[in-house]
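So the structure is just underneath, and the comments pick up after that.
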Amino acid sequence: MSRAGYRRLGWLWFAVLALCTIWLGWMLRHGLPADTDLTALLPADRQAPLIEQADRELGRGFENRFLLLLGDDERVTTTRALGQALQTLVDDCQLAAIDWRELDLADADPHDWMGQWRYRLLTPEWQETIDRGDAGTLVEPALRRLFSPTARPDPVADPFGLLDTWLARLPGSPIGAADGLLTLGRDGRQWSVLIGELEGSPYDQPMQNALHATLEQFQQQHPDAELLRSGLVFHAAAGARQAKHEMSTIGAASLLGVLLIIGFVFRSPRVLLQLMVPLLAGSLFALTLTLGFFGRLHLLTLAFGASLIGIAIDYVLHLQCDRAITGAGFRLRRLLPSLALGLISSVVAYVAQALTPMPGLRQMAAFAAFGLVGAWLTVVLWLPRFTLHASPFTARLATRWWRLCQPRWRLPPWLALIGAVVLVVICAVRLTSDDSLELLNPSPAALMQDEQRVQQLLDRDTGSRYFLVQAEDTQTLLARLDSLDTALDRAIADGLEIDFQSLADAVPTAAQQQANLARVRSLYGEPLDDLIRRAGLPAEVAEKARARLDTSAPLTVSDWLDTPLGQYQQRLWLGETPEGGVAAMVVVSGARDAETGRTLQAVAEAVGGPQARVEYVDRVDRIGALLGELRRHTALWVVLAMALMTLALVWRYRRRAWRVIVPPFGATLIVLAAFALGGVPLNIFNQLGLLLVLGIGLDAGIFNVEHARQPSAWLAITLSTLTSLLAFGMLAFSATPALHYLGLTCLIGLASVWVLVPWVRPVDPDRIHQQENEHG
Amino acid sequence: MPLRRWLITLLLLLAPLSAQAFDLDDLQRQLAATPALAGSFEQQRELADLDSSLTSRGTFLFERGKRVVWQLETPVEERIELTPEAITNGSGESAPPGGEQVAQLFLQLLEGDWQALESRFTLALSGDQDAWQVALTPKEAALRERIAGITLQGDRTIDRLDMRTPNGDRLEVRLFDQHPLNGS
């Protein structure tokens, strides 16, 4: 290619990147359209929007509220101090509300707003008693209630206390009142309860800081007080603090390391800048094209895609090392075959992944492939035109380093094969996998313990297990919920240790309500007269009471959800579905084991019938299964890509192909065997780390064989594994599980690549060049 | 002479002080002198929208700091036991929601536990140790919606409790034939 043509290509690439910037700016004008739901990574027919909606609905209370439990000997004073401190946050508009005094929840007297529906709501026991014709037996308890000193009798509106009996069946809140404070009494200990409501997002930094500072200050002033925290805001804040902390320790250490190494080798700050340009250009190219193709971007794609572009650092280092050492004698043409082969082999691996049916993997692969192509083009078209002040030190260093790393003997192919077989056997025997949800959970253990204790003390479910029930209309839905409740009650009677919350407990079907009203009419016959007479009340009280029945209104779902008691159950109601039906949830709490899960699944199938209108969902299992599916798919396609690459390499290198594939494949096997021996289970995150190891290992293998006699190649391989080790391997020290596993894989994998390379370097590299000439 | 005038002035000044010296702490001590007692009660509940009232009678047993046993005899038989932790009744029926709080208040009133009551009520004591009266007015608006006021009357023991609600309902409990119990 002519010099002018090469320059023109450089300018063309600049124009492309400029266009990308404009396009990206236009696409991001409303912010980044990012997905966070894991299921968005699955094929469309496997996604379940209704389940996603149900998950969101059940999680809402956890998101915009928080709950504090305070236990202390001087409970009243300390609670007052904390309550008032948090009240100042409300006054500063950081929080929407904080409830902690007894009267903060006092408006919840059900008699004031449930009265009009009471004649249509009967407990099953009362229904049975009246149906049996034993309504007379209800007189005596009613009398006792009328004359109890603690009751609030109302002989006209409700002489039998229908409403009290019905309300007593509803799951009451465990939070009561004592000493003028909201109080939770458990196991002889009293906890003060403070309920906060957020003004905005739980991820709002100033609010998190203010809340954190208030609680820290309180704990310092009252070191003996035990404070338990529950709510997404605390997890979000802990995550943000941890990220900041790691950024300033791990992040700073790796950046400093890379700066020192590059500065030491090239003696020029410019090289460092030139290192960043291809990575940034590649990311820009990848982000624009991926967004352009897919319309949306998953956050996982962004995180891992950006890491995979890190492979591109190879291209930069090989080019720069060669330039620094050969100086004016540098020719791009000589390096181009290895650079192109490095790019092609990596991109082939990603293209293979792009063919999977999993949109998430496709997105990630496209992002990485575009990124690598973009970075590669930048390296090839721009870098040689940037001036490089080659220091003679670099050449001296390369030669000395090359001599230092000459191994005494070479790895014979048969030994490599035996080693590989041994490692494969170790992996096959001992390697386990883990797809649990904890991998995605970056919260510190202390906070998770707090959360568990609060849930346990409050006897509250986390909404992570539920039945999703659908029907054509509300009445059918209520009937279906009712039959599900009956089936669950039966299972509980048979020994299933669970509890559940259902809307059907609160809202009977219209037909049931009508039947209940008829029952109350019969109760209001002779039994009522009897009751009024024995209470010593005038007979017209009975007449007045009967007249109330005629004004009775039916209770609808929306009526109920609007009441203060029903508000707590709003999370159970999904309302209209896109298919035109209605849906609701029945939330399960209590025992959690495989046997319980199977029983609940069986109940769902029995009640839901062949159309599966009742689904049992275990969020934790579901997300685990999704992660597992992603992991297996990635593994399968990576293995296929490896096979494909091997074929391509065999075609080019013939009998020497094994020398190219030992660094990437050997490192992969060493990582897997190390995990197998160390008991580290395989998960989606260390598998994504393996992709990085494969990419860098393959580049190292190619350059090692193509430029076997050149110290510059060995220096570049060393630098690229070392800088990648610093950039990714250091993540092994992160407390976030996902980053830790990614980092650990890179740490072991990249170190293995670097160690393996010298042992498989060809002894007589001239033959390679002969072969090259034959092909060329 | 000046000395005598001075003494009279002093006596005049002191007289109202000694009359006022009976305060809530004295009353509490006076009540606490009887750790356990038994007697009869008559409870009358007047309901505003009814001309008639609900009247019941029975006996009671009171152990300070422990429990109150309310034994209804007419018009229906029922044994209700109130402790600071729970309400239990003979029929084993569950108490209506919110009943615990009413029971707790009832116990605090019978105990004369002014410290606990003061967090929610303004207390006003009048009379002397042989005929005293304590009027309680709720402090917070939310409680005022349920209770207009409470009056306690008595001498060595509490003889009468009168609770009025804003809608005109009234609960009057008279305690009589009270006699201290020995032992616990």
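Numbering starts fresh at 1 for the residues of each chain in the structure tokens, the chains themselves are lettered A, B, ... in the order given, and ligands are numbered from 1 as they appear.
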
Practice prompt. Write out as a VMD selection string the residues lying within 8 Å of region 119-129 of chain B, counting only C-alpha atoms and excluding same-chain residues fewer than 2 positions away.
Written response: (chain A and resid 179 to 180) or (chain B and resid 19 22 to 24 27 115 to 117 131 to 140 155 to 156)

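Among the residues of region 35-111 of chain B, backbone DSSP assigns alpha helix (DSSP H) to Gly99, Glu100, Gln101, Val102, Ala103, Gln104, Leu105, Phe106, Leu107, Gln108, Leu109, Leu110 and Glu111 of chain B.
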
Distance table requested - chain B against chain A, cut-off 8 Å, only C-alpha atoms: one row per qualifying residue with the closest atom pair and its distance in Å to one decimal, ordered by chain and rising residue number, as a Markdown table.
```
| residue | atom | partner | partner_atom | distance |
| --- | --- | --- | --- | --- |
| B:Gln43 | CA | A:Pro149 | CA | 7.9 |
| B:Leu50 | CA | A:Val541 | CA | 7.8 |
| B:Ser52 | CA | A:Leu537 | CA | 6.3 |
| B:Ser53 | CA | A:Leu537 | CA | 7.1 |
| B:Leu54 | CA | A:Ala535 | CA | 6.8 |
| B:Thr55 | CA | A:Phe147 | CA | 7.6 |
| B:Ser56 | CA | A:Phe147 | CA | 6.6 |
| B:Pro75 | CA | A:Ala535 | CA | 6.6 |
| B:Val76 | CA | A:Arg144 | CA | 6.3 |
| B:Glu77 | CA | A:Arg144 | CA | 7.5 |
| B:Glu78 | CA | A:Arg144 | CA | 6.6 |
| B:Ile80 | CA | A:Ser148 | CA | 8.0 |
| B:Ser91 | CA | A:Pro141 | CA | 7.9 |
| B:Ser94 | CA | A:Ala168 | CA | 7.5 |
| B:Pro96 | CA | A:Asp164 | CA | 5.4 |
| B:Pro97 | CA | A:Ala168 | CA | 6.3 |
| B:Gly99 | CA | A:Thr150 | CA | 5.9 |
| B:Gln101 | CA | A:Ala177 | CA | 7.8 |
| B:Val102 | CA | A:Thr150 | CA | 5.6 |
| B:Ala103 | CA | A:Thr150 | CA | 5.7 |
| B:Phe106 | CA | A:Thr150 | CA | 7.8 |
| B:Ala116 | CA | A:Asp179 | CA | 7.3 |
| B:Ser119 | CA | A:Gly180 | CA | 7.1 |
| B:Arg120 | CA | A:Gly180 | CA | 7.6 |
| B:Ala142 | CA | A:Leu103 | CA | 6.7 |
| B:Leu143 | CA | A:Leu103 | CA | 7.9 |
```

Pull N, CA, C and O atoms from the residues just selected and write them as an mmCIF file, in the first residue's frame.
```cif
data_model
loop_
_atom_site.group_PDB
_atom_site.id
_atom_site.type_symbol
_atom_site.label_atom_id
_atom_site.label_comp_id
_atom_site.auth_asym_id
_atom_site.auth_seq_id
_atom_site.Cartn_x
_atom_site.Cartn_y
_atom_site.Cartn_z
ATOM 1 N N GLN B 43 -70.233 -2.095 86.584
ATOM 2 C CA GLN B 43 -69.761 -1.381 85.401
ATOM 3 C C GLN B 43 -70.967 -0.939 84.576
ATOM 4 O O GLN B 43 -71.859 -1.724 84.273
ATOM 5 N N LEU B 50 -77.929 5.304 72.157
ATOM 6 C CA LEU B 50 -78.971 4.463 72.757
ATOM 7 C C LEU B 50 -79.440 5.156 74.028
ATOM 8 O O LEU B 50 -78.649 5.765 74.731
ATOM 9 N N SER B 52 -80.613 3.563 76.491
ATOM 10 C CA SER B 52 -80.354 2.629 77.581
ATOM 11 C C SER B 52 -78.851 2.479 77.820
ATOM 12 O O SER B 52 -78.043 3.100 77.136
ATOM 13 N N SER B 53 -78.502 1.682 78.815
ATOM 14 C CA SER B 53 -77.089 1.449 79.067
ATOM 15 C C SER B 53 -76.836 -0.030 79.336
ATOM 16 O O SER B 53 -77.741 -0.785 79.643
ATOM 17 N N LEU B 54 -75.569 -0.407 79.194
ATOM 18 C CA LEU B 54 -75.160 -1.796 79.433
ATOM 19 C C LEU B 54 -74.599 -1.867 80.849
ATOM 20 O O LEU B 54 -73.591 -1.223 81.144
ATOM 21 N N THR B 55 -75.251 -2.622 81.679
ATOM 22 C CA THR B 55 -74.808 -2.678 83.065
ATOM 23 C C THR B 55 -74.399 -4.103 83.421
ATOM 24 O O THR B 55 -75.106 -5.054 83.096
ATOM 25 N N SER B 56 -73.258 -4.233 84.078
ATOM 26 C CA SER B 56 -72.828 -5.564 84.501
ATOM 27 C C SER B 56 -72.272 -5.482 85.915
ATOM 28 O O SER B 56 -71.847 -4.421 86.377
ATOM 29 N N PRO B 75 -74.760 -9.725 83.339
ATOM 30 C CA PRO B 75 -75.754 -10.692 82.869
ATOM 31 C C PRO B 75 -75.133 -11.963 82.292
ATOM 32 O O PRO B 75 -75.862 -12.857 81.879
ATOM 33 N N VAL B 76 -73.801 -12.040 82.236
ATOM 34 C CA VAL B 76 -73.178 -13.210 81.664
ATOM 35 C C VAL B 76 -71.966 -13.528 82.524
ATOM 36 O O VAL B 76 -71.398 -12.628 83.149
ATOM 37 N N GLU B 77 -71.612 -14.806 82.610
ATOM 38 C CA GLU B 77 -70.453 -15.160 83.431
ATOM 39 C C GLU B 77 -69.198 -15.212 82.571
ATOM 40 O O GLU B 77 -69.193 -15.823 81.511
ATOM 41 N N GLU B 78 -68.173 -14.552 83.084
ATOM 42 C CA GLU B 78 -66.907 -14.547 82.339
ATOM 43 C C GLU B 78 -65.796 -14.118 83.273
ATOM 44 O O GLU B 78 -65.967 -13.227 84.098
ATOM 45 N N ILE B 80 -62.060 -12.572 83.290
ATOM 46 C CA ILE B 80 -61.063 -11.924 82.436
ATOM 47 C C ILE B 80 -59.862 -11.585 83.297
ATOM 48 O O ILE B 80 -60.011 -10.996 84.368
ATOM 49 N N SER B 91 -63.293 -17.951 78.288
ATOM 50 C CA SER B 91 -63.865 -18.655 77.147
ATOM 51 C C SER B 91 -62.815 -18.957 76.086
ATOM 52 O O SER B 91 -63.105 -19.621 75.096
ATOM 53 N N SER B 94 -60.189 -14.932 71.427
ATOM 54 C CA SER B 94 -59.121 -13.957 71.298
ATOM 55 C C SER B 94 -59.679 -12.557 71.528
ATOM 56 O O SER B 94 -60.837 -12.286 71.222
ATOM 57 N N PRO B 96 -60.263 -8.640 70.942
ATOM 58 C CA PRO B 96 -60.359 -7.873 69.705
ATOM 59 C C PRO B 96 -59.085 -7.070 69.470
ATOM 60 O O PRO B 96 -58.386 -6.751 70.437
ATOM 61 N N PRO B 97 -58.742 -6.775 68.193
ATOM 62 C CA PRO B 97 -57.526 -6.034 67.910
ATOM 63 C C PRO B 97 -57.530 -4.701 68.667
ATOM 64 O O PRO B 97 -58.547 -4.035 68.745
ATOM 65 N N GLY B 99 -57.273 -4.401 71.760
ATOM 66 C CA GLY B 99 -57.698 -4.638 73.129
ATOM 67 C C GLY B 99 -56.552 -4.573 74.126
ATOM 68 O O GLY B 99 -56.727 -4.132 75.256
ATOM 69 N N GLN B 101 -54.040 -2.609 74.202
ATOM 70 C CA GLN B 101 -53.730 -1.254 74.627
ATOM 71 C C GLN B 101 -54.745 -0.752 75.648
ATOM 72 O O GLN B 101 -54.389 -0.086 76.606
ATOM 73 N N VAL B 102 -56.029 -1.092 75.421
ATOM 74 C CA VAL B 102 -57.066 -0.692 76.369
ATOM 75 C C VAL B 102 -56.799 -1.356 77.713
ATOM 76 O O VAL B 102 -56.882 -0.732 78.777
ATOM 77 N N ALA B 103 -56.411 -2.644 77.673
ATOM 78 C CA ALA B 103 -56.148 -3.386 78.894
ATOM 79 C C ALA B 103 -54.977 -2.776 79.654
ATOM 80 O O ALA B 103 -55.015 -2.639 80.878
ATOM 81 N N PHE B 106 -56.109 0.328 81.379
ATOM 82 C CA PHE B 106 -56.962 -0.051 82.498
ATOM 83 C C PHE B 106 -56.098 -0.434 83.709
ATOM 84 O O PHE B 106 -56.327 -0.007 84.832
ATOM 85 N N ALA B 116 -46.250 6.270 84.116
ATOM 86 C CA ALA B 116 -46.593 5.742 82.796
ATOM 87 C C ALA B 116 -47.698 6.577 82.157
ATOM 88 O O ALA B 116 -47.659 6.892 80.966
ATOM 89 N N SER B 119 -46.975 10.111 80.326
ATOM 90 C CA SER B 119 -46.443 10.235 78.977
ATOM 91 C C SER B 119 -47.554 10.494 77.970
ATOM 92 O O SER B 119 -47.305 10.997 76.885
ATOM 93 N N ARG B 120 -48.784 10.161 78.356
ATOM 94 C CA ARG B 120 -49.874 10.363 77.402
ATOM 95 C C ARG B 120 -50.974 11.307 77.891
ATOM 96 O O ARG B 120 -51.797 11.752 77.104
ATOM 97 N N ALA B 142 -54.308 12.446 68.502
ATOM 98 C CA ALA B 142 -54.784 11.129 68.062
ATOM 99 C C ALA B 142 -55.491 10.397 69.190
ATOM 100 O O ALA B 142 -56.504 9.718 68.977
ATOM 101 N N LEU B 143 -54.993 10.535 70.411
ATOM 102 C CA LEU B 143 -55.622 9.878 71.549
ATOM 103 C C LEU B 143 -56.900 10.609 71.943
ATOM 104 O O LEU B 143 -57.870 9.993 72.385
#
```

Worksheet item: Excluding same-chain residues fewer than 5 positions from Arg67 (chain B), what lies within 12 Å of it counting only C-alpha atoms, as a list of chain:residue names?
Response: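 Skipping anything fewer than 5 positions along the chain leaves B:Pro35, B:Ala36, B:Leu37, B:Ala38, B:Phe60, B:Leu61, B:Phe62, B:Ile80, B:Glu81, B:Leu82, B:Thr83, B:Pro84, B:Glu85, B:Ala86, B:Ile87, B:Thr88, B:Ala103, B:Gln104, B:Phe106, B:Leu107, B:Gln108, B:Leu110, B:Glu111, B:Ser184.
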
Practice prompt. Name all residues at most 12 Å from Val425 (chain A) (count only C-alpha atoms; drop same-chain ones fewer than 2 positions away) and give them as a list in words.
Written response: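 Once the nearby chain positions are removed, what remains is Ile418, Gly419, Ala420, Val421, Val422, Leu423, Cys427, Ala428, Val429, Arg430, Leu431, Leu669, Ile670, Leu672, Ala673, Ala676 and Leu677 of chain A.
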
Okay, now the selection with all heavy atoms, as a short mmCIF file (atom, residue, chain, number, x, y, z; two decimals), in the first residue's frame?
```
data_model
loop_
_atom_site.label_atom_id
_atom_site.label_comp_id
_atom_site.auth_asym_id
_atom_site.auth_seq_id
_atom_site.Cartn_x
_atom_site.Cartn_y
_atom_site.Cartn_z
N ILE A 418 0.69 -35.17 28.25
CA ILE A 418 0.44 -35.87 29.52
C ILE A 418 -0.06 -34.89 30.57
O ILE A 418 -1.04 -35.13 31.28
CB ILE A 418 1.74 -36.57 30.01
CG1 ILE A 418 2.06 -37.74 29.09
CG2 ILE A 418 1.57 -37.06 31.46
CD1 ILE A 418 3.36 -38.44 29.42
N GLY A 419 0.65 -33.71 30.62
CA GLY A 419 0.22 -32.67 31.58
C GLY A 419 -1.23 -32.30 31.37
O GLY A 419 -2.01 -32.20 32.32
N ALA A 420 -1.60 -32.08 30.10
CA ALA A 420 -2.96 -31.68 29.79
C ALA A 420 -3.95 -32.75 30.25
O ALA A 420 -4.98 -32.43 30.85
CB ALA A 420 -3.11 -31.43 28.29
N VAL A 421 -3.59 -34.04 29.98
CA VAL A 421 -4.50 -35.12 30.36
C VAL A 421 -4.69 -35.15 31.88
O VAL A 421 -5.80 -35.26 32.37
CB VAL A 421 -3.96 -36.48 29.84
CG1 VAL A 421 -4.73 -37.64 30.47
CG2 VAL A 421 -4.06 -36.53 28.32
N VAL A 422 -3.55 -35.01 32.61
CA VAL A 422 -3.64 -35.02 34.07
C VAL A 422 -4.55 -33.89 34.56
O VAL A 422 -5.44 -34.09 35.40
CB VAL A 422 -2.22 -34.88 34.69
CG1 VAL A 422 -2.32 -34.62 36.19
CG2 VAL A 422 -1.40 -36.12 34.42
N LEU A 423 -4.33 -32.68 34.00
CA LEU A 423 -5.14 -31.53 34.42
C LEU A 423 -6.61 -31.76 34.11
O LEU A 423 -7.49 -31.45 34.91
CB LEU A 423 -4.64 -30.25 33.76
CG LEU A 423 -3.26 -29.77 34.21
CD1 LEU A 423 -2.83 -28.53 33.45
CD2 LEU A 423 -3.26 -29.47 35.71
N CYS A 427 -9.75 -31.80 36.73
CA CYS A 427 -10.95 -30.97 36.56
C CYS A 427 -12.20 -31.84 36.54
O CYS A 427 -13.21 -31.51 37.17
CB CYS A 427 -10.87 -30.16 35.26
SG CYS A 427 -9.55 -28.96 35.28
N ALA A 428 -12.12 -32.93 35.77
CA ALA A 428 -13.31 -33.78 35.61
C ALA A 428 -13.74 -34.36 36.95
O ALA A 428 -14.93 -34.50 37.22
CB ALA A 428 -13.02 -34.90 34.62
N VAL A 429 -12.76 -34.67 37.81
CA VAL A 429 -13.08 -35.32 39.07
C VAL A 429 -13.56 -34.32 40.12
O VAL A 429 -14.53 -34.55 40.83
CB VAL A 429 -11.86 -36.11 39.60
CG1 VAL A 429 -12.15 -36.68 40.98
CG2 VAL A 429 -11.52 -37.24 38.63
N ARG A 430 -12.86 -33.18 40.22
CA ARG A 430 -13.05 -32.33 41.38
C ARG A 430 -13.79 -31.02 41.12
O ARG A 430 -14.22 -30.37 42.07
CB ARG A 430 -11.69 -31.98 42.01
CG ARG A 430 -10.89 -33.19 42.38
CD ARG A 430 -10.74 -33.41 43.86
NE ARG A 430 -11.04 -32.29 44.73
CZ ARG A 430 -10.29 -31.97 45.76
NH1 ARG A 430 -9.18 -32.61 45.98
NH2 ARG A 430 -10.65 -31.00 46.56
N LEU A 431 -13.89 -30.59 39.86
CA LEU A 431 -14.42 -29.25 39.62
C LEU A 431 -15.93 -29.20 39.88
O LEU A 431 -16.68 -30.04 39.41
CB LEU A 431 -14.13 -28.83 38.18
CG LEU A 431 -14.26 -27.33 37.91
CD1 LEU A 431 -13.29 -26.55 38.77
CD2 LEU A 431 -14.03 -27.03 36.44
N LEU A 669 -6.47 -24.58 31.46
CA LEU A 669 -6.51 -25.84 32.21
C LEU A 669 -5.93 -25.66 33.61
O LEU A 669 -6.44 -26.20 34.58
CB LEU A 669 -5.73 -26.92 31.46
CG LEU A 669 -6.53 -27.70 30.42
CD1 LEU A 669 -5.63 -28.70 29.72
CD2 LEU A 669 -7.70 -28.43 31.09
N ILE A 670 -4.84 -24.87 33.69
CA ILE A 670 -4.21 -24.66 35.00
C ILE A 670 -5.19 -23.94 35.94
O ILE A 670 -5.36 -24.30 37.10
CB ILE A 670 -2.90 -23.87 34.86
CG1 ILE A 670 -1.83 -24.76 34.20
CG2 ILE A 670 -2.41 -23.38 36.23
CD1 ILE A 670 -0.56 -24.04 33.84
N LEU A 672 -8.49 -23.93 35.79
CA LEU A 672 -9.57 -24.85 36.15
C LEU A 672 -9.10 -25.87 37.17
O LEU A 672 -9.79 -26.16 38.16
CB LEU A 672 -10.12 -25.56 34.90
CG LEU A 672 -10.88 -24.65 33.93
CD1 LEU A 672 -11.32 -25.44 32.71
CD2 LEU A 672 -12.07 -24.01 34.61
N ALA A 673 -7.86 -26.41 36.96
CA ALA A 673 -7.35 -27.41 37.90
C ALA A 673 -7.10 -26.76 39.26
O ALA A 673 -7.36 -27.37 40.30
CB ALA A 673 -6.07 -28.02 37.34
N ALA A 676 -10.30 -26.54 40.88
CA ALA A 676 -10.75 -27.87 41.29
C ALA A 676 -10.05 -28.28 42.58
O ALA A 676 -10.68 -28.76 43.52
CB ALA A 676 -10.46 -28.88 40.19
N LEU A 677 -8.73 -28.04 42.65
CA LEU A 677 -7.97 -28.46 43.83
C LEU A 677 -8.27 -27.54 45.02
O LEU A 677 -8.35 -27.99 46.15
CB LEU A 677 -6.46 -28.43 43.53
CG LEU A 677 -6.02 -29.50 42.54
CD1 LEU A 677 -4.54 -29.32 42.19
CD2 LEU A 677 -6.25 -30.90 43.13
#
```

Practice prompt. Find the residues around region 353-369 of chain A up to 7 Å (only C-alpha atoms counted), leave out those fewer than 2 positions away in its own chain, and share them as a PyMOL selection string.
Written response: chain A and resi 41-43+286-287+290+301+305+308-309+347+349-351+371-373+637

Those residues with N, CA, C and O atoms, as a PDB file, in the first residue's frame please?
```pdb
ATOM      1  N   LEU A  41     -31.163 -11.017  29.516  1.00  0.00           N
ATOM      2  CA  LEU A  41     -30.079 -11.687  28.798  1.00  0.00           C
ATOM      3  C   LEU A  41     -30.570 -12.956  28.103  1.00  0.00           C
ATOM      4  O   LEU A  41     -29.859 -13.567  27.339  1.00  0.00           O
ATOM      5  N   LEU A  42     -31.820 -13.351  28.406  1.00  0.00           N
ATOM      6  CA  LEU A  42     -32.351 -14.603  27.868  1.00  0.00           C
ATOM      7  C   LEU A  42     -33.123 -14.361  26.570  1.00  0.00           C
ATOM      8  O   LEU A  42     -33.536 -13.252  26.287  1.00  0.00           O
ATOM      9  N   PRO A  43     -33.329 -15.431  25.786  1.00  0.00           N
ATOM     10  CA  PRO A  43     -34.140 -15.291  24.579  1.00  0.00           C
ATOM     11  C   PRO A  43     -35.551 -14.804  24.936  1.00  0.00           C
ATOM     12  O   PRO A  43     -36.059 -15.102  26.020  1.00  0.00           O
ATOM     13  N   ALA A 286     -17.180   0.257  19.982  1.00  0.00           N
ATOM     14  CA  ALA A 286     -18.000  -0.867  20.436  1.00  0.00           C
ATOM     15  C   ALA A 286     -19.323  -0.381  21.009  1.00  0.00           C
ATOM     16  O   ALA A 286     -20.399  -0.895  20.674  1.00  0.00           O
ATOM     17  N   LEU A 287     -19.274   0.636  21.839  1.00  0.00           N
ATOM     18  CA  LEU A 287     -20.487   1.142  22.482  1.00  0.00           C
ATOM     19  C   LEU A 287     -21.472   1.634  21.434  1.00  0.00           C
ATOM     20  O   LEU A 287     -22.673   1.320  21.470  1.00  0.00           O
ATOM     21  N   THR A 290     -22.802  -1.437  19.211  1.00  0.00           N
ATOM     22  CA  THR A 290     -23.656  -2.358  19.964  1.00  0.00           C
ATOM     23  C   THR A 290     -24.998  -1.701  20.258  1.00  0.00           C
ATOM     24  O   THR A 290     -26.060  -2.304  20.076  1.00  0.00           O
ATOM     25  N   THR A 301     -23.098  -6.468  30.033  1.00  0.00           N
ATOM     26  CA  THR A 301     -22.400  -6.332  28.757  1.00  0.00           C
ATOM     27  C   THR A 301     -21.350  -5.244  28.861  1.00  0.00           C
ATOM     28  O   THR A 301     -20.201  -5.402  28.458  1.00  0.00           O
ATOM     29  N   GLY A 305     -17.771  -6.473  28.687  1.00  0.00           N
ATOM     30  CA  GLY A 305     -17.312  -6.097  27.352  1.00  0.00           C
ATOM     31  C   GLY A 305     -16.109  -5.172  27.459  1.00  0.00           C
ATOM     32  O   GLY A 305     -15.091  -5.348  26.793  1.00  0.00           O
ATOM     33  N   LEU A 308     -13.058  -7.056  28.349  1.00  0.00           N
ATOM     34  CA  LEU A 308     -12.516  -7.876  27.262  1.00  0.00           C
ATOM     35  C   LEU A 308     -11.740  -7.040  26.255  1.00  0.00           C
ATOM     36  O   LEU A 308     -10.789  -7.518  25.629  1.00  0.00           O
ATOM     37  N   ILE A 309     -12.152  -5.770  26.091  1.00  0.00           N
ATOM     38  CA  ILE A 309     -11.406  -4.903  25.174  1.00  0.00           C
ATOM     39  C   ILE A 309      -9.972  -4.749  25.663  1.00  0.00           C
ATOM     40  O   ILE A 309      -9.061  -4.438  24.890  1.00  0.00           O
ATOM     41  N   VAL A 347     -11.465 -12.551  17.584  1.00  0.00           N
ATOM     42  CA  VAL A 347     -12.778 -12.175  17.051  1.00  0.00           C
ATOM     43  C   VAL A 347     -13.574 -13.426  16.674  1.00  0.00           C
ATOM     44  O   VAL A 347     -14.788 -13.476  16.890  1.00  0.00           O
ATOM     45  N   ALA A 349     -13.531 -16.225  18.190  1.00  0.00           N
ATOM     46  CA  ALA A 349     -14.111 -16.740  19.425  1.00  0.00           C
ATOM     47  C   ALA A 349     -15.392 -15.974  19.780  1.00  0.00           C
ATOM     48  O   ALA A 349     -16.382 -16.559  20.207  1.00  0.00           O
ATOM     49  N   TYR A 350     -15.348 -14.680  19.564  1.00  0.00           N
ATOM     50  CA  TYR A 350     -16.530 -13.884  19.914  1.00  0.00           C
ATOM     51  C   TYR A 350     -17.653 -14.050  18.902  1.00  0.00           C
ATOM     52  O   TYR A 350     -18.822 -14.035  19.257  1.00  0.00           O
ATOM     53  N   VAL A 351     -17.276 -14.188  17.641  1.00  0.00           N
ATOM     54  CA  VAL A 351     -18.312 -14.376  16.621  1.00  0.00           C
ATOM     55  C   VAL A 351     -19.055 -15.684  16.899  1.00  0.00           C
ATOM     56  O   VAL A 351     -20.275 -15.773  16.766  1.00  0.00           O
ATOM     57  N   GLY A 371     -15.108  -3.840  19.819  1.00  0.00           N
ATOM     58  CA  GLY A 371     -14.098  -3.121  20.586  1.00  0.00           C
ATOM     59  C   GLY A 371     -12.694  -3.502  20.138  1.00  0.00           C
ATOM     60  O   GLY A 371     -11.836  -2.639  19.941  1.00  0.00           O
ATOM     61  N   LEU A 372     -12.476  -4.818  19.953  1.00  0.00           N
ATOM     62  CA  LEU A 372     -11.151  -5.274  19.541  1.00  0.00           C
ATOM     63  C   LEU A 372     -10.817  -4.763  18.144  1.00  0.00           C
ATOM     64  O   LEU A 372      -9.707  -4.299  17.881  1.00  0.00           O
ATOM     65  N   VAL A 373     -11.789  -4.829  17.233  1.00  0.00           N
ATOM     66  CA  VAL A 373     -11.564  -4.356  15.854  1.00  0.00           C
ATOM     67  C   VAL A 373     -11.224  -2.869  15.887  1.00  0.00           C
ATOM     68  O   VAL A 373     -10.267  -2.404  15.246  1.00  0.00           O
ATOM     69  N   TRP A 637     -19.995 -22.562  24.120  1.00  0.00           N
ATOM     70  CA  TRP A 637     -19.565 -21.823  22.936  1.00  0.00           C
ATOM     71  C   TRP A 637     -18.095 -21.497  22.972  1.00  0.00           C
ATOM     72  O   TRP A 637     -17.442 -21.425  21.937  1.00  0.00           O
TER      73      TRP A 637
END
```
